[in-house]
Amino acid sequence: MFIERIDIHPTHTKDKFKLRCGKPFPFGATLISGGVNFSIFSRHATSCTLVLFEKHVSEPIAEIPFPKEFRIGNVYCMVVFDLDYENIEYGYRMNGPNNFKQGHWFDSSKILLDPYAKLIGGRDVWGVQPNWDDIYQHRAKIAFEDFDWEDDCLLEIPSEELVIYEMHVRSFTQHPSSNVKHPGTFAGISEKIPYLKELGINAVELMPIFEFDEFENSRLNTETGETLYNYWGYSTLGFFAPKAGYAATGKLGMQADELKALIKALHQNGIEVILDVVFNHTAEGNEQGHYISFRGIDNQTYYMLTPEGYYYNFSGCGNTLNCNNPIVRGMVLDCLRYWVSEYHIDGFRFDLASILGRDPWGAPLSNPPLLETLAFDPVLAKCKLIAEAWDAGGLYQVGSFPDYGRWAEWNGKYRDRIRKFIKGDGNVQDMALRLQGSPDLYAHTCRTPSASINFITAHDGFTLADLVSYNDKHNQANGENNNDGENSNNSWNCGIEGWTQNQSVNSLRQRQIRNALAILMISQGVPMLLMGDEIGRSKQGNNNTYCHDNELNWLDWTLLEKNADLFKFVKNCIAFRKAHPILRQKTFLNQESSNGYPDITWHGVRAWNPDFSDSSRTTAFMLCGRKTNQHQKDDYIYVAMNMHWETHGFEIPKLNNSIKWHVFVNTGVSSPQDSWQPGVEPLLDNQQEILVGSRSVVILVGR
């Protein structure tokens, strides 16, 4: 006998719509048998109305107040039956107090975006001017989670094995020279996977892909007439929705499937996907900002507020999410779980992550609930968690970020020291620590070298080509009188500011680029490469290109041919790192040994005699790979670094007669002799000493 379920029948009606009290969890809009379950939290609202639209229609087709009995605790939940959910967009109106000092901004005239919306319309095609008269700019849509992943899953590459490539989705293929079918999109990246594989990276870190509005604070460049956008996307509208404008199929509402197809293809090629996520603030701005979502739903819950009702601004972007409020903490956790389960994301890099450890009044917490929750969550257990361990409020936690044995950090101290060292500022002793994975920062708390994400350049700041070409930032194109962007870049223009035809200056710049890349790839920890550094990409000295949808940000693929020698050098350095386990240790290198050589020994121009004085600009070290903690035998590796402006001879450590030194890298000579493929390095003629040219790096392999 068939017994029909009673919970698929409506109990209420509103006009033509059949309704029933819904389930409070999960939040958002969820497809169920016969209808859609709508659920939204608000502690302080006095009533809530569901607003339904047909797709692309300006006026609502219905407004359905939640009956009082459809509120469970602080959650409004309702099932609406028989919706044409493929053609529906939805939002909410909230009634409640409007009292600035108390932190309440309720306004029932505003239609609000669901914080849990899985798809968001309104900016479906990148750069298309929206209808500013639309009463509901950013529209929640109902997602269909029916993608065929086949046997795909997280790759779970050990952290110490990673070589990360930071990229911007649109910039990677938007340049006409990319020759992809759908430039500037997820599909465009898919076409370039063979390039990423050839380079040798095994993880891409995507700058923000959560839905944002490129027209936020957009304006015209008064000199060029170009539109300046919110290009980088560090201003989130919806944390659960992929950016429609990054999808060739966004105008069809298929951005989720296009992104999933990209992730699946990257995984098939052994490349993990790490998302740059921004939970420190939202796109709603400060007191002069717009109603979009959180402000009108429950401002006091979602934001950090001063006693007077103003927004704390530890993000530098107008507001700060109240991340250690249990409701907001739950939303962040729900969001990350969703991206792992539905999109198979391998890891997350948290923008201005120190904010996530502040209490509701801004004070740093010794045991931040959100960071602990993320570290021990069972769904996120295999994900990489990477913190940008500082914020715009002055909290700097590199080496002291609450890690719970799980969090890695963007190592800003590594970046700063390597930049200073290669331009000749010395401090070899600090340099030695950075090369070893920063044990001074991480060893005392039982962390490992892979806690250090090593980088020299990132999206925020100079590219590597600009780092060796400019002493000062040149951000005039941003329309802020060159006042934006970092002033302390630790850069050196090699004698002439900007582009030049001076052969000796250009030769020195190429050498400095190679020095930086070689050092990055032989350092303990996890190397991160900025998109385009492998082929000499320049942003013309602009160190804050957050607003440019043009060649300042786009990757010019003609550079691959123009700078083929540099690409080969980087490819060889990555391959060398992969070939030698001693460069990818799970524990810090041992500098003492009772039997044979320690893991690492330090040298100077004389073997076994390092010079750690403040004025020293030369140093060398040797790695003994006979026993690694991966139980693999490896070769000896010797690295000599001469950042002095004069050539120096380096005495090479003498090993037993059966081991000979071979040259892998010598940045002081021209291509193709500047680097070799691992395994075919030529034998060094003089096994006792090698001349290291001015501002050069030599890497030898002993076998």
# chains A, B, ... in the order shown; residues from 1 in each chain; ligands from 1

$ select_by_dssp --residues "range 130-228 of chain A" --states "strand (DSSP E or B)" --output "ChimeraX atom specification"
/A:139-141,164-167,203-206,210-212,219-220,227-228

$ write_last_selection --atoms "C-alpha atoms" --output "mmCIF file, in the first residue's frame"
data_model
loop_
_atom_site.group_PDB
_atom_site.id
_atom_site.type_symbol
_atom_site.label_atom_id
_atom_site.label_comp_id
_atom_site.auth_asym_id
_atom_site.auth_seq_id
_atom_site.Cartn_x
_atom_site.Cartn_y
_atom_site.Cartn_z
ATOM 1 C CA ARG A 139 19.473 38.923 -8.120
ATOM 2 C CA ALA A 140 19.564 35.565 -6.385
ATOM 3 C CA LYS A 141 18.893 32.539 -8.571
ATOM 4 C CA ILE A 164 51.652 27.555 -6.680
ATOM 5 C CA TYR A 165 50.797 29.872 -9.583
ATOM 6 C CA GLU A 166 48.773 32.952 -8.602
ATOM 7 C CA MET A 167 46.521 34.169 -11.416
ATOM 8 C CA ALA A 203 48.436 24.399 -8.085
ATOM 9 C CA VAL A 204 46.704 27.536 -9.310
ATOM 10 C CA GLU A 205 45.612 30.173 -6.829
ATOM 11 C CA LEU A 206 42.720 32.075 -8.377
ATOM 12 C CA PHE A 210 33.033 34.892 -5.775
ATOM 13 C CA GLU A 211 30.415 37.141 -7.360
ATOM 14 C CA PHE A 212 31.404 40.799 -7.251
ATOM 15 C CA ARG A 219 34.773 55.792 -12.979
ATOM 16 C CA LEU A 220 36.363 57.231 -16.106
ATOM 17 C CA THR A 227 36.508 52.920 -17.532
ATOM 18 C CA LEU A 228 38.282 52.095 -14.286
#

$ residues_around --residues "range 27-32 of chain A" --least-positions-apart "6" --cutoff "8 Å" --atoms "only C-alpha atoms" --output "PyMOL selection string"
chain A and resi 38-41+114-117+142

$ write_last_selection --atoms "C-alpha atoms" --output "mmCIF file, in the first residue's frame"
data_model
loop_
_atom_site.group_PDB
_atom_site.id
_atom_site.type_symbol
_atom_site.label_atom_id
_atom_site.label_comp_id
_atom_site.auth_asym_id
_atom_site.auth_seq_id
_atom_site.Cartn_x
_atom_site.Cartn_y
_atom_site.Cartn_z
ATOM 1 C CA PHE A 38 13.467 29.368 1.307
ATOM 2 C CA SER A 39 15.290 29.974 4.585
ATOM 3 C CA ILE A 40 16.911 33.168 5.877
ATOM 4 C CA PHE A 41 18.200 34.286 9.267
ATOM 5 C CA ASP A 114 20.114 36.193 -0.068
ATOM 6 C CA PRO A 115 23.556 35.779 1.598
ATOM 7 C CA TYR A 116 23.381 32.072 0.672
ATOM 8 C CA ALA A 117 22.500 32.603 -3.010
ATOM 9 C CA ILE A 142 18.267 28.890 -7.804
#

$ atom_distance --atom1 "CA of Glu486 in chain A" --atom2 "CA of Gly525 in chain A"
25.6 Å

$ residues_around --residues "range 60-77 of chain A" --least-positions-apart "4" --cutoff "7 Å" --atoms "only C-alpha atoms" --output "mmCIF file with N, CA and C atoms, in the first residue's frame"
data_model
loop_
_atom_site.group_PDB
_atom_site.id
_atom_site.type_symbol
_atom_site.label_atom_id
_atom_site.label_comp_id
_atom_site.auth_asym_id
_atom_site.auth_seq_id
_atom_site.Cartn_x
_atom_site.Cartn_y
_atom_site.Cartn_z
ATOM 1 N N LYS A 14 -1.151 32.081 -0.905
ATOM 2 C CA LYS A 14 -1.047 33.528 -1.068
ATOM 3 C C LYS A 14 -1.220 33.808 -2.550
ATOM 4 N N CYS A 21 5.072 25.789 5.858
ATOM 5 C CA CYS A 21 6.230 26.123 6.690
ATOM 6 C C CYS A 21 7.421 25.280 6.247
ATOM 7 N N GLY A 22 8.559 25.938 6.089
ATOM 8 C CA GLY A 22 9.730 25.247 5.572
ATOM 9 C C GLY A 22 10.643 24.706 6.651
ATOM 10 N N LYS A 23 11.805 24.237 6.215
ATOM 11 C CA LYS A 23 12.847 23.759 7.115
ATOM 12 C C LYS A 23 13.846 24.902 7.332
ATOM 13 N N PRO A 24 14.258 25.135 8.575
ATOM 14 C CA PRO A 24 15.189 26.243 8.817
ATOM 15 C C PRO A 24 16.583 26.005 8.246
ATOM 16 N N PHE A 38 12.762 28.110 1.090
ATOM 17 C CA PHE A 38 13.467 29.368 1.307
ATOM 18 C C PHE A 38 13.701 29.546 2.795
ATOM 19 N N SER A 39 14.952 29.823 3.172
ATOM 20 C CA SER A 39 15.290 29.974 4.585
ATOM 21 C C SER A 39 16.296 31.103 4.742
ATOM 22 N N ILE A 40 16.003 32.047 5.662
ATOM 23 C CA ILE A 40 16.911 33.168 5.877
ATOM 24 C C ILE A 40 16.880 33.564 7.347
ATOM 25 N N PHE A 41 18.055 33.885 7.867
ATOM 26 C CA PHE A 41 18.200 34.286 9.267
ATOM 27 C C PHE A 41 18.115 35.799 9.404
ATOM 28 N N SER A 42 17.456 36.260 10.453
ATOM 29 C CA SER A 42 17.584 37.637 10.935
ATOM 30 C C SER A 42 17.154 37.670 12.384
ATOM 31 N N ARG A 43 18.071 38.084 13.233
ATOM 32 C CA ARG A 43 17.766 38.132 14.664
ATOM 33 C C ARG A 43 16.848 39.307 14.994
ATOM 34 N N CYS A 48 9.432 39.458 7.461
ATOM 35 C CA CYS A 48 10.201 39.206 6.241
ATOM 36 C C CYS A 48 9.231 38.868 5.111
ATOM 37 N N THR A 49 9.563 39.340 3.911
ATOM 38 C CA THR A 49 8.753 39.071 2.721
ATOM 39 C C THR A 49 9.635 38.503 1.623
ATOM 40 N N LEU A 50 9.199 37.399 1.029
ATOM 41 C CA LEU A 50 9.881 36.827 -0.126
ATOM 42 C C LEU A 50 9.404 37.566 -1.376
ATOM 43 N N VAL A 51 10.353 38.033 -2.182
ATOM 44 C CA VAL A 51 10.035 38.770 -3.406
ATOM 45 C C VAL A 51 10.473 37.926 -4.596
ATOM 46 N N LEU A 52 9.531 37.602 -5.481
ATOM 47 C CA LEU A 52 9.809 36.743 -6.628
ATOM 48 C C LEU A 52 9.750 37.549 -7.919
ATOM 49 N N PHE A 53 10.719 37.279 -8.805
ATOM 50 C CA PHE A 53 10.781 37.896 -10.130
ATOM 51 C C PHE A 53 10.845 36.794 -11.171
ATOM 52 N N GLU A 54 10.338 37.075 -12.340
ATOM 53 C CA GLU A 54 10.738 36.298 -13.503
ATOM 54 C C GLU A 54 12.092 36.832 -13.960
#

$ atom_distance --atom1 "CA of Gly679 in chain A" --atom2 "CA of Ile582 in chain A"
15.5 Å

$ closest_atom_pairs --of "range 290-312 of chain A" --to "range 356-369 of chain A" --cutoff "8 Å" --atoms "only C-alpha atoms" --output "tab-separated table"
residue	atom	partner	partner_atom	distance
A:Met304	CA	A:Pro360	CA	5.5
A:Leu305	CA	A:Trp361	CA	7.3
A:Thr306	CA	A:Trp361	CA	7.3
A:Tyr312	CA	A:Gly362	CA	7.7

$ write_last_selection --atoms "N, CA and C atoms" --output "PDB file, in the first residue's frame"
ATOM      1  N   MET A 304      31.132  44.478  12.377  1.00  0.00           N
ATOM      2  CA  MET A 304      31.717  45.053  13.586  1.00  0.00           C
ATOM      3  C   MET A 304      31.347  46.531  13.629  1.00  0.00           C
ATOM      4  N   LEU A 305      30.743  46.937  14.738  1.00  0.00           N
ATOM      5  CA  LEU A 305      30.263  48.310  14.865  1.00  0.00           C
ATOM      6  C   LEU A 305      30.846  48.968  16.110  1.00  0.00           C
ATOM      7  N   THR A 306      31.113  50.258  15.993  1.00  0.00           N
ATOM      8  CA  THR A 306      31.558  51.034  17.148  1.00  0.00           C
ATOM      9  C   THR A 306      30.370  51.255  18.080  1.00  0.00           C
ATOM     10  N   TYR A 312      33.542  49.591  12.081  1.00  0.00           N
ATOM     11  CA  TYR A 312      34.983  49.417  12.205  1.00  0.00           C
ATOM     12  C   TYR A 312      35.537  49.090  10.811  1.00  0.00           C
TER      13      TYR A 312
END

$ closest_residue --among "A:Leu154, A:Ala389, A:Ala244, A:Cys317" --to "Tyr343 in chain A" --atoms "only C-alpha atoms"
A:Leu154

$ residues_around --residues "Ser593 in chain A" --least-positions-apart "6" --cutoff "12 Å" --atoms "only C-alpha atoms" --output "number ranges by chain"
A: 599-601, 624, 627

$ residues_around --residues "range 401-414 of chain A" --least-positions-apart "2" --cutoff "8 Å" --atoms "only C-alpha atoms" --output "list of chain:residue names"
A:Ser354, A:Ser366, A:Asn367, A:Pro368, A:Leu371, A:Glu372, A:Ala375, A:Lys384, A:Leu385, A:Ile386, A:Ala387, A:Glu388, A:Ala389, A:Gln397, A:Val398, A:Gly399, A:Asp416, A:Arg417, A:Ile418, A:Arg434, A:Ser438, A:Arg447, A:Ser450, A:Ala451, A:Ser452, A:Ile453, A:Asn454, A:Phe455, A:Ile456

$ closest_residue --among "A:Lys654, A:Lys539, A:Lys423, A:His474" --to "Asn490 in chain A" --atoms "only C-alpha atoms"
A:Lys423

$ residues_around --residues "range 168-181 of chain A" --least-positions-apart "4" --cutoff "10 Å" --atoms "only C-alpha atoms" --output "MDAnalysis selection string"
chainID A and resid 126 185:192 204:209 231:233 245:248 459 530:532 548:559

$ residues_around --residues "Val57 in chain A" --least-positions-apart "6" --cutoff "10 Å" --atoms "only C-alpha atoms" --output "list in words"
Ile88, Glu89 and Asp134 of chain A

$ write_last_selection --atoms "N, CA and C atoms" --output "short mmCIF file (atom, residue, chain, number, x, y, z; two decimals), in the first residue's frame"
data_model
loop_
_atom_site.label_atom_id
_atom_site.label_comp_id
_atom_site.auth_asym_id
_atom_site.auth_seq_id
_atom_site.Cartn_x
_atom_site.Cartn_y
_atom_site.Cartn_z
N ILE A 88 13.07 31.76 -12.26
CA ILE A 88 12.76 32.59 -11.09
C ILE A 88 14.03 33.24 -10.55
N GLU A 89 13.91 34.49 -10.16
CA GLU A 89 14.91 35.18 -9.34
C GLU A 89 14.19 35.62 -8.06
N ASP A 134 17.17 49.70 -12.04
CA ASP A 134 16.59 48.44 -11.58
C ASP A 134 16.47 48.46 -10.06
#

$ select_by_dssp --residues "range 457-699 of chain A" --states "helix (DSSP H, G or I)" --output "ChimeraX atom specification"
/A:464-467,476-478,503-522,533-535,559-562,564-579,581-583

$ write_last_selection --atoms "C-alpha atoms" --output "PDB file, in the first residue's frame"
ATOM      1  CA  LEU A 464      59.217  40.651 -10.989  1.00  0.00           C
ATOM      2  CA  ALA A 465      60.177  42.494 -14.187  1.00  0.00           C
ATOM      3  CA  ASP A 466      59.077  45.774 -12.602  1.00  0.00           C
ATOM      4  CA  LEU A 467      60.819  44.984  -9.324  1.00  0.00           C
ATOM      5  CA  GLN A 476      49.160  57.771 -12.175  1.00  0.00           C
ATOM      6  CA  ALA A 477      46.835  55.768 -14.437  1.00  0.00           C
ATOM      7  CA  ASN A 478      44.759  54.874 -11.360  1.00  0.00           C
ATOM      8  CA  GLN A 503      72.087  46.852 -23.028  1.00  0.00           C
ATOM      9  CA  SER A 504      74.062  46.560 -19.797  1.00  0.00           C
ATOM     10  CA  VAL A 505      71.082  47.620 -17.681  1.00  0.00           C
ATOM     11  CA  ASN A 506      68.779  45.176 -19.452  1.00  0.00           C
ATOM     12  CA  SER A 507      71.325  42.400 -19.034  1.00  0.00           C
ATOM     13  CA  LEU A 508      71.567  43.104 -15.303  1.00  0.00           C
ATOM     14  CA  ARG A 509      67.774  43.106 -15.003  1.00  0.00           C
ATOM     15  CA  GLN A 510      67.525  39.717 -16.664  1.00  0.00           C
ATOM     16  CA  ARG A 511      70.159  38.406 -14.279  1.00  0.00           C
ATOM     17  CA  GLN A 512      68.310  39.772 -11.256  1.00  0.00           C
ATOM     18  CA  ILE A 513      65.059  38.186 -12.405  1.00  0.00           C
ATOM     19  CA  ARG A 514      66.808  34.839 -12.687  1.00  0.00           C
ATOM     20  CA  ASN A 515      68.466  35.313  -9.303  1.00  0.00           C
ATOM     21  CA  ALA A 516      65.084  35.807  -7.661  1.00  0.00           C
ATOM     22  CA  LEU A 517      63.458  32.850  -9.389  1.00  0.00           C
ATOM     23  CA  ALA A 518      66.372  30.506  -8.684  1.00  0.00           C
ATOM     24  CA  ILE A 519      66.396  31.448  -4.985  1.00  0.00           C
ATOM     25  CA  LEU A 520      62.616  30.973  -4.767  1.00  0.00           C
ATOM     26  CA  MET A 521      62.799  27.451  -6.160  1.00  0.00           C
ATOM     27  CA  ILE A 522      65.656  26.250  -3.935  1.00  0.00           C
ATOM     28  CA  ASP A 533      56.746  36.457 -14.050  1.00  0.00           C
ATOM     29  CA  GLU A 534      57.956  33.393 -15.948  1.00  0.00           C
ATOM     30  CA  ILE A 535      57.869  35.383 -19.215  1.00  0.00           C
ATOM     31  CA  LEU A 559      56.143  37.516 -24.287  1.00  0.00           C
ATOM     32  CA  LEU A 560      56.327  33.718 -24.360  1.00  0.00           C
ATOM     33  CA  GLU A 561      58.176  33.919 -27.660  1.00  0.00           C
ATOM     34  CA  LYS A 562      60.034  37.134 -26.865  1.00  0.00           C
ATOM     35  CA  ALA A 564      61.515  32.113 -24.371  1.00  0.00           C
ATOM     36  CA  ASP A 565      64.904  31.897 -22.632  1.00  0.00           C
ATOM     37  CA  LEU A 566      63.387  33.094 -19.353  1.00  0.00           C
ATOM     38  CA  PHE A 567      60.500  30.643 -19.661  1.00  0.00           C
ATOM     39  CA  LYS A 568      62.971  27.804 -20.184  1.00  0.00           C
ATOM     40  CA  PHE A 569      64.932  28.944 -17.128  1.00  0.00           C
ATOM     41  CA  VAL A 570      61.846  28.941 -14.887  1.00  0.00           C
ATOM     42  CA  LYS A 571      60.685  25.607 -16.276  1.00  0.00           C
ATOM     43  CA  ASN A 572      64.094  24.088 -15.515  1.00  0.00           C
ATOM     44  CA  CYS A 573      64.113  25.523 -11.973  1.00  0.00           C
ATOM     45  CA  ILE A 574      60.686  24.048 -11.218  1.00  0.00           C
ATOM     46  CA  ALA A 575      61.739  20.698 -12.681  1.00  0.00           C
ATOM     47  CA  PHE A 576      64.928  20.788 -10.573  1.00  0.00           C
ATOM     48  CA  ARG A 577      62.867  21.370  -7.432  1.00  0.00           C
ATOM     49  CA  LYS A 578      60.651  18.420  -8.289  1.00  0.00           C
ATOM     50  CA  ALA A 579      63.661  16.226  -9.027  1.00  0.00           C
ATOM     51  CA  PRO A 581      63.426  15.772  -2.440  1.00  0.00           C
ATOM     52  CA  ILE A 582      66.017  17.589  -0.306  1.00  0.00           C
ATOM     53  CA  LEU A 583      64.428  20.862  -1.524  1.00  0.00           C
TER      54      LEU A 583
END

$ atom_distance --atom1 "CA of Ser47 in chain A" --atom2 "CA of Asp15 in chain A"
19.1 Å

$ closest_residue --among "A:Ala283, A:Leu374, A:Ala381, A:Ile699" --to "Asp674 in chain A" --atoms "only C-alpha atoms"
A:Ile699

$ closest_residue --among "A:Ile8, A:Leu333, A:Met78, A:Leu196" --to "Val163 in chain A" --atoms "only C-alpha atoms"
A:Leu196
